[in-house]
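Participant: The structure file structure11.txt (compact mmCIF, C-alpha atoms) is provided below.
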# COMPACT_ATOMS: atom_id res chain seq x y z
CA MET A 224 -52.49 0.64 -20.96
CA GLU A 225 -51.58 -2.86 -19.81
CA LYS A 226 -52.71 -4.24 -23.19
CA LEU A 227 -50.55 -1.67 -25.01
CA ILE A 228 -47.47 -2.68 -22.98
CA LEU A 229 -48.13 -6.36 -23.67
CA ASP A 230 -48.45 -5.59 -27.38
CA LEU A 231 -44.95 -4.11 -27.40
CA ASN A 232 -43.93 -7.78 -27.63
CA ASN A 233 -46.65 -8.74 -30.11
CA SER A 234 -45.51 -11.06 -32.91
CA ASN A 235 -46.64 -8.45 -35.46
CA THR A 236 -44.13 -5.62 -35.97
CA GLN A 237 -46.76 -3.04 -36.95
CA ILE A 238 -48.83 -3.78 -33.85
CA ARG A 239 -45.70 -3.28 -31.74
CA LEU A 240 -44.98 0.09 -33.33
CA ASP A 241 -48.61 1.23 -33.19
CA SER A 242 -48.77 0.32 -29.49
CA LEU A 243 -45.66 2.38 -28.86
CA LYS A 244 -47.22 5.37 -30.64
CA LYS A 245 -50.33 5.10 -28.45
CA LEU A 246 -48.21 4.90 -25.29
CA MET A 247 -46.27 7.98 -26.35
CA ASN A 248 -49.57 9.82 -26.84
CA LEU A 249 -50.37 8.98 -23.21
CA VAL A 250 -47.00 10.39 -22.16
CA SER A 251 -47.58 13.56 -24.22
CA ASP A 252 -51.08 14.26 -22.87
CA GLY A 253 -49.92 13.87 -19.27
CA THR A 254 -51.68 10.58 -18.53
CA LEU A 255 -48.34 8.90 -17.73
CA LYS A 256 -46.92 11.67 -15.56
CA GLY A 257 -44.46 9.42 -13.74
CA ILE A 258 -42.55 8.62 -16.92
CA ALA A 259 -42.21 12.26 -17.89
CA ALA A 260 -41.01 13.12 -14.39
CA ARG A 261 -38.46 10.30 -14.44
CA ARG A 262 -37.07 11.49 -17.72
CA THR A 263 -36.80 15.03 -16.36
CA ASN A 264 -35.08 14.00 -13.13
CA GLN A 265 -32.54 11.53 -14.54
CA LYS A 266 -29.79 12.87 -16.76
CA GLY A 267 -26.56 11.47 -18.12
CA LEU A 268 -27.76 7.86 -18.36
CA VAL A 269 -26.71 6.02 -21.49
CA ASN A 270 -26.46 2.36 -22.49
CA ASN A 271 -25.09 1.01 -25.76
CA HIS A 272 -25.36 -2.71 -25.02
CA ILE A 273 -29.02 -3.79 -25.06
CA HIS A 274 -29.96 -7.22 -26.41
CA THR A 275 -33.38 -7.94 -27.87
CA TRP A 276 -35.20 -11.15 -28.71
CA TYR A 277 -33.15 -11.37 -31.93
CA SER A 278 -30.44 -12.82 -29.70
CA PHE A 279 -31.68 -13.58 -26.17
CA SER A 280 -33.85 -11.15 -24.23
CA PRO A 281 -37.43 -10.74 -23.00
CA TYR A 282 -37.72 -7.60 -25.14
CA SER A 283 -38.60 -6.93 -28.75
CA PRO A 284 -36.65 -3.97 -30.21
CA VAL A 285 -39.75 -1.80 -29.63
CA LYS A 286 -40.13 -2.87 -26.02
CA ALA A 287 -36.40 -2.45 -25.41
CA VAL A 288 -36.66 1.18 -26.53
CA TRP A 289 -39.76 1.69 -24.37
CA GLN A 290 -37.93 0.22 -21.35
CA ALA A 291 -34.98 2.51 -22.01
CA PHE A 292 -37.28 5.52 -22.42
CA THR A 293 -39.29 4.85 -19.26
CA ALA A 294 -36.10 4.19 -17.27
CA GLY A 295 -34.95 7.71 -18.09
CA LEU A 296 -32.07 6.91 -20.44
CA ASP A 297 -30.86 9.71 -22.67
CA THR A 298 -29.81 7.22 -25.36
CA ALA A 299 -30.03 3.48 -26.04
CA GLY A 300 -28.06 1.07 -28.23
CA ILE A 301 -28.95 -2.33 -29.68
CA VAL A 302 -26.27 -5.06 -29.90
CA ASP A 303 -27.77 -8.45 -30.69
CA HIS A 304 -25.53 -11.48 -31.12
CA ASP A 305 -24.49 -12.33 -34.69
CA ASN A 306 -27.11 -10.14 -36.37
CA ALA A 307 -28.67 -6.72 -36.83
CA ALA A 308 -32.14 -8.05 -37.65
CA GLY A 309 -33.82 -5.84 -35.04
CA ALA A 310 -31.91 -2.68 -35.91
CA LYS A 311 -34.44 -1.03 -38.23
CA GLU A 312 -37.27 -1.60 -35.76
CA PHE A 313 -35.07 -0.22 -32.97
CA ILE A 314 -34.36 2.90 -35.04
CA ARG A 315 -38.06 3.39 -35.79
CA ALA A 316 -38.94 2.99 -32.11
CA GLY A 317 -36.30 5.59 -31.27
CA GLU A 318 -37.92 7.99 -33.72
CA ILE A 319 -41.36 7.43 -32.17
CA THR A 320 -40.13 8.07 -28.62
CA GLY A 321 -37.68 10.80 -29.58
CA LEU A 322 -34.93 8.74 -27.93
CA PRO A 323 -31.57 8.89 -29.75
CA VAL A 324 -30.38 5.35 -30.48
CA THR A 325 -27.27 3.60 -31.76
CA VAL A 326 -27.04 0.44 -33.84
CA GLY A 327 -24.49 -2.27 -33.17
CA MET A 328 -24.06 -6.02 -32.97
CA GLU A 329 -21.96 -8.44 -30.93
CA CYS A 330 -20.18 -11.59 -32.03
CA ARG A 331 -17.59 -14.10 -30.87
CA ALA A 332 -14.41 -14.04 -32.89
CA ASP A 333 -11.47 -16.40 -33.21
CA PHE A 334 -8.11 -15.03 -31.99
CA SER A 335 -6.17 -18.23 -32.82
CA ASN A 336 -4.08 -16.43 -35.43
CA THR A 337 -2.87 -13.86 -32.91
CA LYS A 338 -0.50 -13.94 -29.93
CA LEU A 339 -3.54 -14.57 -27.74
CA LYS A 340 -3.94 -18.14 -28.98
CA GLY A 341 -4.56 -20.44 -26.03
CA ARG A 342 -5.46 -17.60 -23.66
CA ARG A 343 -8.74 -17.12 -21.85
CA ILE A 344 -9.73 -13.72 -23.16
CA ASN A 345 -13.31 -12.65 -22.32
CA HIS A 346 -15.17 -15.87 -23.15
CA PRO A 347 -16.00 -17.89 -20.00
CA ASP A 348 -16.21 -21.24 -21.78
CA GLN A 349 -13.58 -21.19 -24.50
CA LEU A 350 -9.93 -20.24 -25.02
CA SER A 351 -8.67 -18.16 -27.97
CA THR A 352 -12.15 -16.69 -28.42
CA ALA A 353 -13.47 -13.24 -27.54
CA TYR A 354 -16.65 -11.22 -27.66
CA VAL A 355 -16.32 -8.10 -29.80
CA VAL A 356 -18.82 -5.44 -30.84
CA LEU A 357 -19.44 -3.45 -34.00
CA HIS A 358 -20.79 -0.07 -32.87
CA GLY A 359 -22.26 2.80 -34.84
CA ILE A 360 -23.25 0.80 -37.92
CA PRO A 361 -24.27 3.17 -40.74
CA HIS A 362 -27.88 2.41 -41.55
CA GLU A 363 -27.41 1.49 -45.20
CA TYR A 364 -25.12 -1.35 -44.07
CA ILE A 365 -27.57 -3.07 -41.72
CA GLU A 366 -28.41 -5.74 -44.30
CA SER A 367 -24.71 -6.13 -45.13
CA VAL A 368 -24.14 -7.06 -41.49
CA ASN A 369 -26.88 -9.67 -41.65
CA ASP A 370 -25.47 -11.08 -44.90
CA PHE A 371 -21.95 -11.29 -43.46
CA PHE A 372 -22.98 -13.14 -40.30
CA ARG A 373 -25.77 -15.36 -41.69
CA PRO A 374 -23.41 -18.29 -42.53
CA PHE A 375 -22.02 -18.17 -38.98
CA ILE A 376 -25.54 -18.29 -37.52
CA ARG A 377 -26.23 -21.43 -39.57
CA GLU A 378 -23.03 -23.03 -38.24
CA ARG A 379 -24.11 -22.14 -34.74
CA ILE A 380 -27.39 -23.99 -35.26
CA LYS A 381 -25.47 -27.18 -36.09
CA ARG A 382 -23.51 -26.97 -32.83
CA ASN A 383 -26.64 -26.10 -30.87
CA ARG A 384 -28.30 -29.29 -32.08
CA LYS A 385 -25.31 -31.35 -30.94
CA MET A 386 -25.33 -29.70 -27.52
CA THR A 387 -29.05 -30.40 -27.19
CA GLU A 388 -28.34 -34.07 -27.90
CA LYS A 389 -25.73 -34.09 -25.11
CA ILE A 390 -28.27 -32.57 -22.72
CA ASN A 391 -30.81 -35.25 -23.54
CA ASP A 392 -28.26 -38.03 -23.05
CA TYR A 393 -27.27 -36.65 -19.67
CA PHE A 394 -30.80 -36.07 -18.34
CA SER A 395 -32.43 -39.19 -19.74
CA LYS A 396 -32.21 -40.94 -16.35
CA TRP A 397 -34.53 -38.26 -14.95
CA GLU A 398 -36.83 -38.51 -17.98
CA ILE A 399 -36.03 -34.97 -19.05
CA SER A 400 -35.46 -34.12 -22.69
CA VAL A 401 -35.49 -31.01 -24.87
CA ASN A 402 -36.55 -30.96 -28.51
CA PHE A 403 -34.51 -28.46 -30.51
CA ASP A 404 -37.19 -27.90 -33.15
CA THR A 405 -40.25 -27.66 -30.88
CA ASP A 406 -38.81 -26.36 -27.58
CA ILE A 407 -35.86 -24.16 -28.56
CA LEU A 408 -36.38 -22.71 -32.04
CA PRO A 409 -39.88 -21.33 -31.20
CA ILE A 410 -38.52 -19.22 -28.32
CA SER A 411 -35.95 -17.64 -30.66
CA LYS A 412 -36.27 -15.35 -33.66
CA TYR A 413 -34.17 -17.58 -35.88
CA SER A 414 -36.83 -17.66 -38.61
CA ASP A 415 -36.72 -13.84 -38.72
CA GLY A 416 -32.95 -13.51 -38.91
CA GLY A 417 -32.07 -13.85 -35.24
CA THR A 418 -29.66 -16.28 -33.65
CA VAL A 419 -30.02 -19.16 -31.18
CA THR A 420 -27.70 -18.94 -28.18
CA GLU A 421 -26.78 -21.21 -25.29
CA ARG A 422 -29.24 -19.17 -23.22
CA HIS A 423 -32.12 -20.31 -25.45
CA ILE A 424 -31.12 -23.93 -24.85
CA LEU A 425 -30.85 -23.43 -21.09
CA PHE A 426 -34.10 -21.46 -20.94
CA ALA A 427 -35.89 -24.38 -22.58
CA LEU A 428 -34.16 -26.79 -20.20
CA ALA A 429 -35.20 -24.65 -17.23
CA ASP A 430 -38.80 -24.94 -18.43
CA LYS A 431 -38.47 -28.74 -18.48
CA PHE A 432 -37.05 -28.72 -14.94
CA ILE A 433 -39.98 -26.63 -13.70
CA LYS A 434 -42.51 -28.94 -15.36
CA ARG A 435 -40.76 -32.00 -13.95
CA PHE A 436 -40.21 -30.85 -10.35
CA GLY A 437 -42.32 -27.72 -9.92
CA LYS A 438 -41.04 -24.47 -8.47
CA GLY A 439 -39.55 -24.25 -5.00
CA ARG A 440 -37.96 -26.67 -2.58
CA ARG A 441 -38.27 -29.89 -4.60
CA LEU A 442 -36.48 -28.34 -7.57
CA ALA A 443 -33.85 -26.76 -5.30
CA GLU A 444 -33.17 -30.18 -3.76
CA PHE A 445 -32.81 -31.73 -7.22
CA LEU A 446 -30.30 -29.06 -8.24
CA GLN A 447 -28.27 -29.44 -5.06
CA ASN A 448 -28.49 -33.15 -4.31
CA SER A 449 -28.75 -34.74 -7.76
CA LEU A 450 -26.79 -32.24 -9.88
CA ASN A 451 -24.45 -30.95 -7.13
CA LEU A 452 -25.11 -27.35 -8.10
CA GLU A 453 -24.35 -24.61 -5.61
CA LEU A 454 -27.32 -22.54 -4.48
CA ALA A 455 -26.43 -19.74 -2.11
CA GLY A 456 -27.49 -16.24 -1.14
CA LYS A 457 -29.99 -14.44 -3.33
CA ILE A 458 -29.96 -17.21 -5.96
CA ARG A 459 -31.17 -19.75 -3.41
CA THR A 460 -33.87 -17.32 -2.33
CA PHE A 461 -35.00 -16.87 -5.93
CA ILE A 462 -35.21 -20.63 -6.57
CA LEU A 463 -37.13 -21.30 -3.35
CA ASP A 464 -39.64 -18.55 -4.09
CA ARG A 465 -42.52 -20.18 -5.96
CA ASP A 466 -44.04 -16.75 -6.65
CA ASN A 467 -40.87 -15.34 -8.21
CA GLU A 468 -42.02 -13.70 -11.47
CA TYR A 469 -38.58 -14.18 -13.03
CA TYR A 470 -38.22 -17.80 -11.93
CA GLN A 471 -37.31 -19.30 -15.30
CA TYR A 472 -34.71 -16.58 -15.97
CA ASP A 473 -33.14 -17.06 -12.54
CA LEU A 474 -33.05 -20.82 -12.98
CA MET A 475 -31.45 -20.37 -16.41
CA GLY A 476 -28.77 -18.21 -14.77
CA VAL A 477 -27.95 -21.01 -12.34
CA LEU A 478 -27.74 -23.55 -15.15
CA LYS A 479 -25.54 -21.28 -17.25
CA SER A 480 -23.14 -20.68 -14.40
CA GLU A 481 -22.96 -24.24 -13.09
CA LEU A 482 -24.19 -26.66 -15.75
CA LEU A 483 -23.12 -25.36 -19.14
CA LYS A 484 -19.75 -27.11 -18.91
CA LEU A 485 -21.50 -30.50 -18.98
CA PHE A 486 -22.72 -30.13 -22.54
CA TYR A 487 -20.73 -27.22 -23.97
CA ILE A 488 -19.10 -27.95 -27.33
CA PRO A 489 -16.37 -25.47 -28.34
CA ALA A 490 -17.45 -23.18 -31.17
CA SER A 491 -15.34 -23.33 -34.31
CA TYR A 492 -16.81 -22.54 -37.73
CA GLU A 493 -19.35 -20.12 -36.25
CA CYS A 494 -16.60 -17.81 -34.96
CA PRO A 495 -15.10 -15.69 -37.75
CA ASP A 496 -11.40 -14.89 -37.68
CA ILE A 497 -10.87 -11.64 -35.81
CA GLU A 498 -8.96 -10.02 -38.68
CA LYS A 499 -11.93 -10.60 -40.98
CA VAL A 500 -14.28 -9.06 -38.43
CA VAL A 501 -12.17 -5.94 -38.02
CA ASP A 502 -11.70 -5.62 -41.78
CA PHE A 503 -15.46 -5.97 -42.28
CA ALA A 504 -16.13 -3.28 -39.67
CA GLU A 505 -13.76 -0.93 -41.49
CA SER A 506 -15.41 -1.69 -44.85
CA ILE A 507 -18.82 -0.54 -43.57
CA ASN A 508 -17.49 2.34 -41.42
CA ALA A 509 -18.60 0.69 -38.18
CA ILE A 510 -16.52 1.07 -35.01
CA SER A 511 -14.85 -2.17 -33.89
CA ALA A 512 -14.77 -2.47 -30.10
CA TYR A 513 -13.28 -5.08 -27.80
CA ALA A 514 -15.65 -5.92 -24.90
CA TYR A 515 -13.56 -5.78 -21.72
CA LEU A 516 -14.77 -8.21 -19.07
CA GLY A 517 -12.05 -8.33 -16.42
CA ASP A 518 -11.48 -10.89 -13.69
CA ILE A 519 -14.71 -11.77 -11.87
CA ALA A 520 -14.99 -12.22 -8.12
CA GLU A 521 -18.81 -12.32 -8.03
CA SER A 522 -21.12 -12.26 -11.04
CA VAL A 523 -23.43 -9.24 -11.21
CA THR A 524 -25.86 -11.04 -13.50
CA GLY A 525 -25.77 -14.38 -11.66
CA ASP A 526 -24.83 -16.38 -14.76
CA LYS A 527 -21.03 -16.27 -14.48
CA LYS A 528 -18.81 -17.95 -11.91
CA ALA A 529 -15.73 -16.41 -10.32
CA GLN A 530 -13.06 -16.61 -12.99
CA LYS A 531 -9.84 -15.03 -14.29
CA PHE A 532 -9.88 -13.29 -17.66
CA GLU A 533 -7.73 -10.55 -19.24
CA ASP A 534 -6.39 -8.67 -16.23
CA SER A 535 -3.10 -10.56 -15.90
CA TYR A 536 -2.02 -9.65 -19.45
CA LEU A 537 -4.09 -6.56 -20.17
CA GLU A 538 -1.30 -4.46 -21.68
CA GLU A 539 -0.36 -7.28 -24.04
CA LEU A 540 -4.04 -7.60 -25.02
CA PHE A 541 -4.26 -3.90 -25.86
CA THR A 542 -1.12 -4.19 -27.98
CA VAL A 543 -2.67 -7.03 -29.98
CA LEU A 544 -5.95 -5.12 -30.38
CA LYS A 545 -4.13 -2.05 -31.66
CA LYS A 546 -2.18 -4.10 -34.18
CA LEU A 547 -5.41 -5.71 -35.40
CA GLY A 548 -6.90 -2.27 -36.04
CA PHE A 549 -9.49 -2.05 -33.27
CA ARG A 550 -10.96 1.40 -32.73
CA ALA A 551 -12.55 1.19 -29.29
CA ILE A 552 -12.93 -0.57 -25.97
CA THR A 553 -16.39 -1.09 -24.51
CA TYR A 554 -16.86 -1.85 -20.82
CA MET A 555 -19.62 -2.15 -18.22
CA PRO A 556 -19.00 -0.04 -15.09
CA THR A 557 -21.35 -2.05 -12.85
CA ARG A 558 -19.41 -5.25 -13.56
CA ASN A 559 -15.97 -3.96 -12.63
CA THR A 560 -14.18 -2.46 -9.67
CA MET A 561 -13.06 1.14 -9.89
CA GLU A 562 -9.47 -0.12 -9.83
CA GLN A 563 -10.11 -2.22 -12.95
CA ILE A 564 -11.82 0.67 -14.72
CA ILE A 565 -9.06 3.17 -13.93
CA ARG A 566 -6.52 0.75 -15.39
CA VAL A 567 -8.59 0.25 -18.55
CA ARG A 568 -9.07 3.99 -18.95
CA LYS A 569 -5.35 4.68 -18.71
CA LEU A 570 -4.61 2.04 -21.33
CA CYS A 571 -7.34 3.42 -23.61
CA ASP A 572 -5.74 6.86 -23.40
CA ARG A 573 -2.32 5.40 -24.06
CA PHE A 574 -3.44 3.37 -27.08
CA ASN A 575 -5.84 6.05 -28.33
CA PHE A 576 -8.95 3.88 -28.10
CA LEU A 577 -12.43 5.37 -27.97
CA GLN A 578 -14.20 4.31 -24.74
CA ILE A 579 -17.80 3.14 -25.09
CA SER A 580 -20.24 2.29 -22.31
CA GLY A 581 -22.51 -0.72 -22.29
CA GLU A 582 -24.48 -2.47 -19.56
CA ASP A 583 -25.45 -5.92 -20.80
CA ILE A 584 -29.25 -6.26 -20.90
CA ASN A 585 -30.71 -9.71 -21.61
CA SER A 586 -32.77 -10.49 -18.50
CA PRO A 587 -35.78 -8.81 -16.84
CA ARG A 588 -33.83 -8.44 -13.58
CA GLN A 589 -31.24 -6.16 -15.15
CA SER A 590 -31.65 -2.41 -14.81
CA PHE A 591 -31.58 -0.39 -18.00
CA THR A 592 -30.16 2.63 -16.23
CA GLY A 593 -26.76 1.27 -15.22
CA LYS A 594 -26.62 3.84 -12.43
CA ALA A 595 -22.88 3.33 -11.96
CA ILE A 596 -22.45 5.61 -14.95
CA SER A 597 -24.17 8.58 -13.25
CA GLY A 598 -22.60 10.95 -10.76
CA GLY A 599 -19.78 12.38 -12.85
CA ASP A 600 -17.24 9.55 -12.68
CA PHE A 601 -18.15 8.42 -16.18
CA ASP A 602 -18.86 11.64 -18.00
CA ASN A 603 -16.37 10.51 -20.64
CA LEU A 604 -18.65 7.58 -21.51
CA VAL A 605 -21.65 9.86 -21.83
CA GLU A 606 -19.73 12.14 -24.21
CA ALA A 607 -18.47 9.15 -26.19
CA THR A 608 -22.04 7.92 -26.60
CA TRP A 609 -23.14 11.23 -28.07
CA ALA A 610 -20.08 11.12 -30.32
CA LEU A 611 -21.15 7.63 -31.38
CA ILE A 612 -24.58 8.96 -32.29
CA GLY A 613 -22.92 11.78 -34.23
CA HIS A 614 -20.75 9.26 -36.06
CA GLU A 615 -23.70 7.04 -36.95
CA ARG A 616 -25.68 9.99 -38.27
CA LEU A 617 -22.83 11.42 -40.37
CA ALA A 618 -21.50 8.07 -41.62
CA THR A 619 -25.01 7.12 -42.73
CA GLU A 620 -25.14 10.29 -44.80
CA ASN A 621 -21.57 10.08 -46.13
CA ALA A 622 -18.89 7.49 -45.34
CA ASP A 623 -16.16 10.14 -45.52
CA ASN A 624 -17.68 11.89 -42.51
CA GLY A 625 -17.44 8.96 -40.08
CA PHE A 626 -15.60 9.25 -36.76
CA PHE A 627 -12.62 7.20 -37.97
CA SER A 628 -12.61 8.15 -41.65
CA LYS A 629 -9.29 9.33 -43.07
CA ALA A 630 -10.75 12.78 -43.74
CA THR A 631 -12.01 13.10 -40.17
CA GLU A 632 -8.77 11.90 -38.61
CA LEU A 633 -6.82 14.42 -40.69
CA LYS A 634 -9.16 17.23 -39.65
CA TYR A 635 -9.32 16.21 -35.97
CA PRO A 636 -6.21 14.14 -35.14
CA ASN A 637 -6.73 14.61 -31.40
CA LEU A 638 -9.21 11.99 -30.15
CA LYS A 639 -10.62 14.14 -27.33
CA GLU A 640 -11.25 17.05 -29.69
CA ARG A 641 -12.92 14.71 -32.17
CA ILE A 642 -15.19 13.35 -29.42
CA GLU A 643 -16.24 16.89 -28.52
CA VAL A 644 -17.03 17.74 -32.14
CA PHE A 645 -19.01 14.56 -32.81
CA ALA A 646 -20.79 14.71 -29.43
CA LYS A 647 -22.06 18.18 -30.31
CA ILE A 648 -23.35 16.81 -33.62
CA GLY A 649 -24.95 13.86 -31.81
CA ARG A 650 -26.80 16.16 -29.43
CA THR A 651 -28.08 18.35 -32.27
CA LYS A 652 -31.71 17.67 -33.11
CA THR A 653 -32.30 16.64 -36.72
Please re-express this file's structure in structure tokens.
Facilitator:
Amino acid sequence: MEKLILDLNNSNTQIRLDSLKKLMNLVSDGTLKGIAARRTNQKGLVNNHIHTWYSFSPYSPVKAVWQAFTAGLDTAGIVDHDNAAGAKEFIRAGEITGLPVTVGMECRADFSNTKLKGRRINHPDQLSTAYVVLHGIPHEYIESVNDFFRPFIRERIKRNRKMTEKINDYFSKWEISVNFDTDILPISKYSDGGTVTERHILFALADKFIKRFGKGRRLAEFLQNSLNLELAGKIRTFILDRDNEYYQYDLMGVLKSELLKLFYIPASYECPDIEKVVDFAESINAISAYAYLGDIAESVTGDKKAQKFEDSYLEELFTVLKKLGFRAITYMPTRNTMEQIIRVRKLCDRFNFLQISGEDINSPRQSFTGKAISGGDFDNLVEATWALIGHERLATENADNGFFSKATELKYPNLKERIEVFAKIGRTKT
């Protein structure tokens, strides 16, 4: 079984899918009883914000679905950065496991032509820029998504090379350097349509640090004494633990939180204008969603510092989003306080935005279950997820049947009623 699980990340797509089929046979014949029991005992767990190795993640689309399945999720959604290259594999893996899935993608968009110009929106490193998501992409438009964003991925590569040069200049005195072509590109899926993110760069840099100083105290001293990076609490424990199986990921999180500012170059040409993104989403019947972050006191994922974001002007933000034509707000319950979430919910109701759940998955330490969503407080997000599945199914069959099509809005003008109708369709077995 261990070989089958390893092969879920095999470089060959067919081997990945065949391994998943064999694992599902073991679930069906009762060999893997624990997984079946977990799926029986856990209900109401959904996640629409899972990254795969087509952006940055330790998981292929097949393994991401397997992780979601074994964690007991009722549904799972893919949202890689700047591409939908893993979407078809994700869909196929969902079919093999019987796990309903949704297809989406995430990108950074330029808000400079809106009233939010100069504001820190939900991007930690850049003003006038925000992360947005296209959810519920009809399956015949998957390649259209890749075609639309491919030029922006190429622009991102140019900036990534420049940032890598800045890293090498800075760390030359410690005889540390990273080669973009041999150290960074090979750990990405750029050649297969994926994107290269800042995390890829930092992951490669973390590897160089480990090779230069080893794991444990010597590296911790270098980070603290030479780079003046703060190591405290669980992060310090992780870095001191030489046997930590997630060492490189934890180190990357430290570098992203504390070091990125040293070499970060603001993105420009790789960030499409937000109006073009929303218009594109409408043209393919995908659901445009703003990714609410909220002010951060302590980072859940360990890769973000305490920082102020949208909370001080949230109502103004929602007004701008509505004017732009956004359809939904997506948020991550484990990252926010209940006070923040209640405020977002009220504004969503007021502005008639669909609410979509999503717990960001891009590291092996992150739980697929997002247990904050269980227990009844977030039943609306569970229903919305099933409605999203219903939308994706119907819009794939006929664009006029999508959740936000003119025909659907005329038939079901009340958003809550529409969610109920589409959630019922989403839950119906095909």
Participant: Check the smallest atom-to-atom distance from each of A:Ile360, A:Leu516, A:Leu255, A:Leu243 to Gly625 (chain A) using only C-alpha atoms, then report the winner.
Facilitator: A:Ile360
Participant: Using all atoms listed in the file, which of A:Leu540, A:Val250, A:Ala332, A:Leu231 sits nearest Pro284 (chain A)?
Facilitator: A:Leu231
Participant: When you draw a straight line from CA of Pro323 (chain A) to CA of Asp297 (chain A), how long is it in Å?
Facilitator: 7.2 Å
Participant: In Å to one decimal, how far is CA of Leu604 (chain A) from CA of Ala291 (chain A)?
Facilitator: 17.1 Å
Participant: Which one is closest to Ile258 (chain A): A:Gly456, A:Gly649, A:Gly581, A:Gly295? Count all atoms listed in the file.
Facilitator: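 Closest to Ile258 (chain A) of all the choices is A:Gly295.
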Participant: Between A:Phe461, A:Arg441, A:Thr592, A:Ser586, which residue has the minimum interatomic distance to Phe292 (chain A), considering all atoms listed in the file?
Facilitator: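 So, comparing all the options, the nearest one is A:Thr592.
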Participant: Between A:Leu482, A:Val326, A:Ile433, A:Ile648, single out the one closest to Phe313 (chain A), counting all atoms listed in the file.
Facilitator: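 Using all atoms listed in the file, Phe313 (chain A) sits closest to A:Val326.
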Participant: With only C-alpha atoms as the atoms that count, which of A:Thr560, A:Thr337, A:Asn391, A:Asn585 lies nearest to Thr275 (chain A)?
Facilitator: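 Closest residue, counting only C-alpha atoms: A:Asn585.
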Participant: Around region 248-253 of chain A, fit a box with edges along x, y and z, padding it by 8 Å on each side, then list its centre and edge lengths in Å to one decimal as AutoDock Vina command-line options.
Facilitator:
--center_x -49.0 --center_y 11.6 --center_z -23.1 --size_x 20.1 --size_y 21.3 --size_z 23.6
Participant: Contacts of Pro587 (chain A) at 9 Å or less, counting all atoms listed in the file, minus same-chain residues fewer than 3 places along, as a PyMOL selection string?
Facilitator: chain A and resi 280-282+469+472+584+590
Participant: As an exercise, work out the distance from CA of Gly439 (chain A) to CA of Leu463 (chain A) in Å and give it to one decimal place.
Facilitator: 4.2 Å
Participant: Using only C-alpha atoms, list the residues that have an atom at most 12 Å from (-18.3, 15.8, -32.7), coordinates as in the file, as a ChimeraX atom specification.
Facilitator: /A:606-617,624-627,631-632,634-635,637-651
Participant: Using only C-alpha atoms, which protein or nucleic acid residues come within 12 Å of Lys484 (chain A)? Drop anything in the same chain fewer than 3 positions from it, and give the result as a JSON list (two decimals) with C-alpha atoms, in the frame of the given file.
Facilitator:
[["chain", "number", "residue", "atom", "x", "y", "z"],
["A", 347, "PRO", "CA", -16.00, -17.89, -20.00],
["A", 348, "ASP", "CA", -16.21, -21.24, -21.78],
["A", 349, "GLN", "CA", -13.58, -21.19, -24.50],
["A", 386, "MET", "CA", -25.33, -29.70, -27.52],
["A", 389, "LYS", "CA", -25.73, -34.09, -25.11],
["A", 390, "ILE", "CA", -28.27, -32.57, -22.72],
["A", 421, "GLU", "CA", -26.78, -21.21, -25.29],
["A", 425, "LEU", "CA", -30.85, -23.43, -21.09],
["A", 478, "LEU", "CA", -27.74, -23.55, -15.15],
["A", 479, "LYS", "CA", -25.54, -21.28, -17.25],
["A", 480, "SER", "CA", -23.14, -20.68, -14.40],
["A", 481, "GLU", "CA", -22.96, -24.24, -13.09],
["A", 487, "TYR", "CA", -20.73, -27.22, -23.97],
["A", 488, "ILE", "CA", -19.10, -27.95, -27.33],
["A", 489, "PRO", "CA", -16.37, -25.47, -28.34],
["A", 527, "LYS", "CA", -21.03, -16.27, -14.48],
["A", 528, "LYS", "CA", -18.81, -17.95, -11.91]]
Participant: Skipping near chain neighbours, those fewer than 6 positions away, what residues fall within 12 Å of Phe403 (chain A) using all atoms listed in the file, listed as a compact mmCIF listing (two decimals) with C-alpha atoms, in the coordinates of the input?
Facilitator:
# COMPACT_ATOMS: atom_id res chain seq x y z
CA ILE A 380 -27.39 -23.99 -35.26
CA LYS A 381 -25.47 -27.18 -36.09
CA ARG A 382 -23.51 -26.97 -32.83
CA ASN A 383 -26.64 -26.10 -30.87
CA ARG A 384 -28.30 -29.29 -32.08
CA LYS A 385 -25.31 -31.35 -30.94
CA MET A 386 -25.33 -29.70 -27.52
CA THR A 387 -29.05 -30.40 -27.19
CA GLU A 388 -28.34 -34.07 -27.90
CA LYS A 389 -25.73 -34.09 -25.11
CA ILE A 390 -28.27 -32.57 -22.72
CA ASN A 391 -30.81 -35.25 -23.54
CA PRO A 409 -39.88 -21.33 -31.20
CA ILE A 410 -38.52 -19.22 -28.32
CA SER A 411 -35.95 -17.64 -30.66
CA VAL A 419 -30.02 -19.16 -31.18
CA THR A 420 -27.70 -18.94 -28.18
CA GLU A 421 -26.78 -21.21 -25.29
CA HIS A 423 -32.12 -20.31 -25.45
CA ILE A 424 -31.12 -23.93 -24.85
CA LEU A 425 -30.85 -23.43 -21.09
CA PHE A 426 -34.10 -21.46 -20.94
CA ALA A 427 -35.89 -24.38 -22.58
CA LEU A 428 -34.16 -26.79 -20.20
Participant: Which residues, written as a PyMOL selection string, have at least one atom at most 10 Å from His346 (chain A), with all atoms listed in the file counted and residues fewer than 3 positions away on the same chain left out?
Facilitator: chain A and resi 331-332+342-343+349-354+516+532-533
Participant: Extract, using only C-alpha atoms, all DNA, RNA and protein residues at most 6 Å from His304 (chain A), discarding same-chain residues fewer than 3 positions from it, and format them as an MDAnalysis selection string.
Facilitator: chainID A and resid 278 328:330
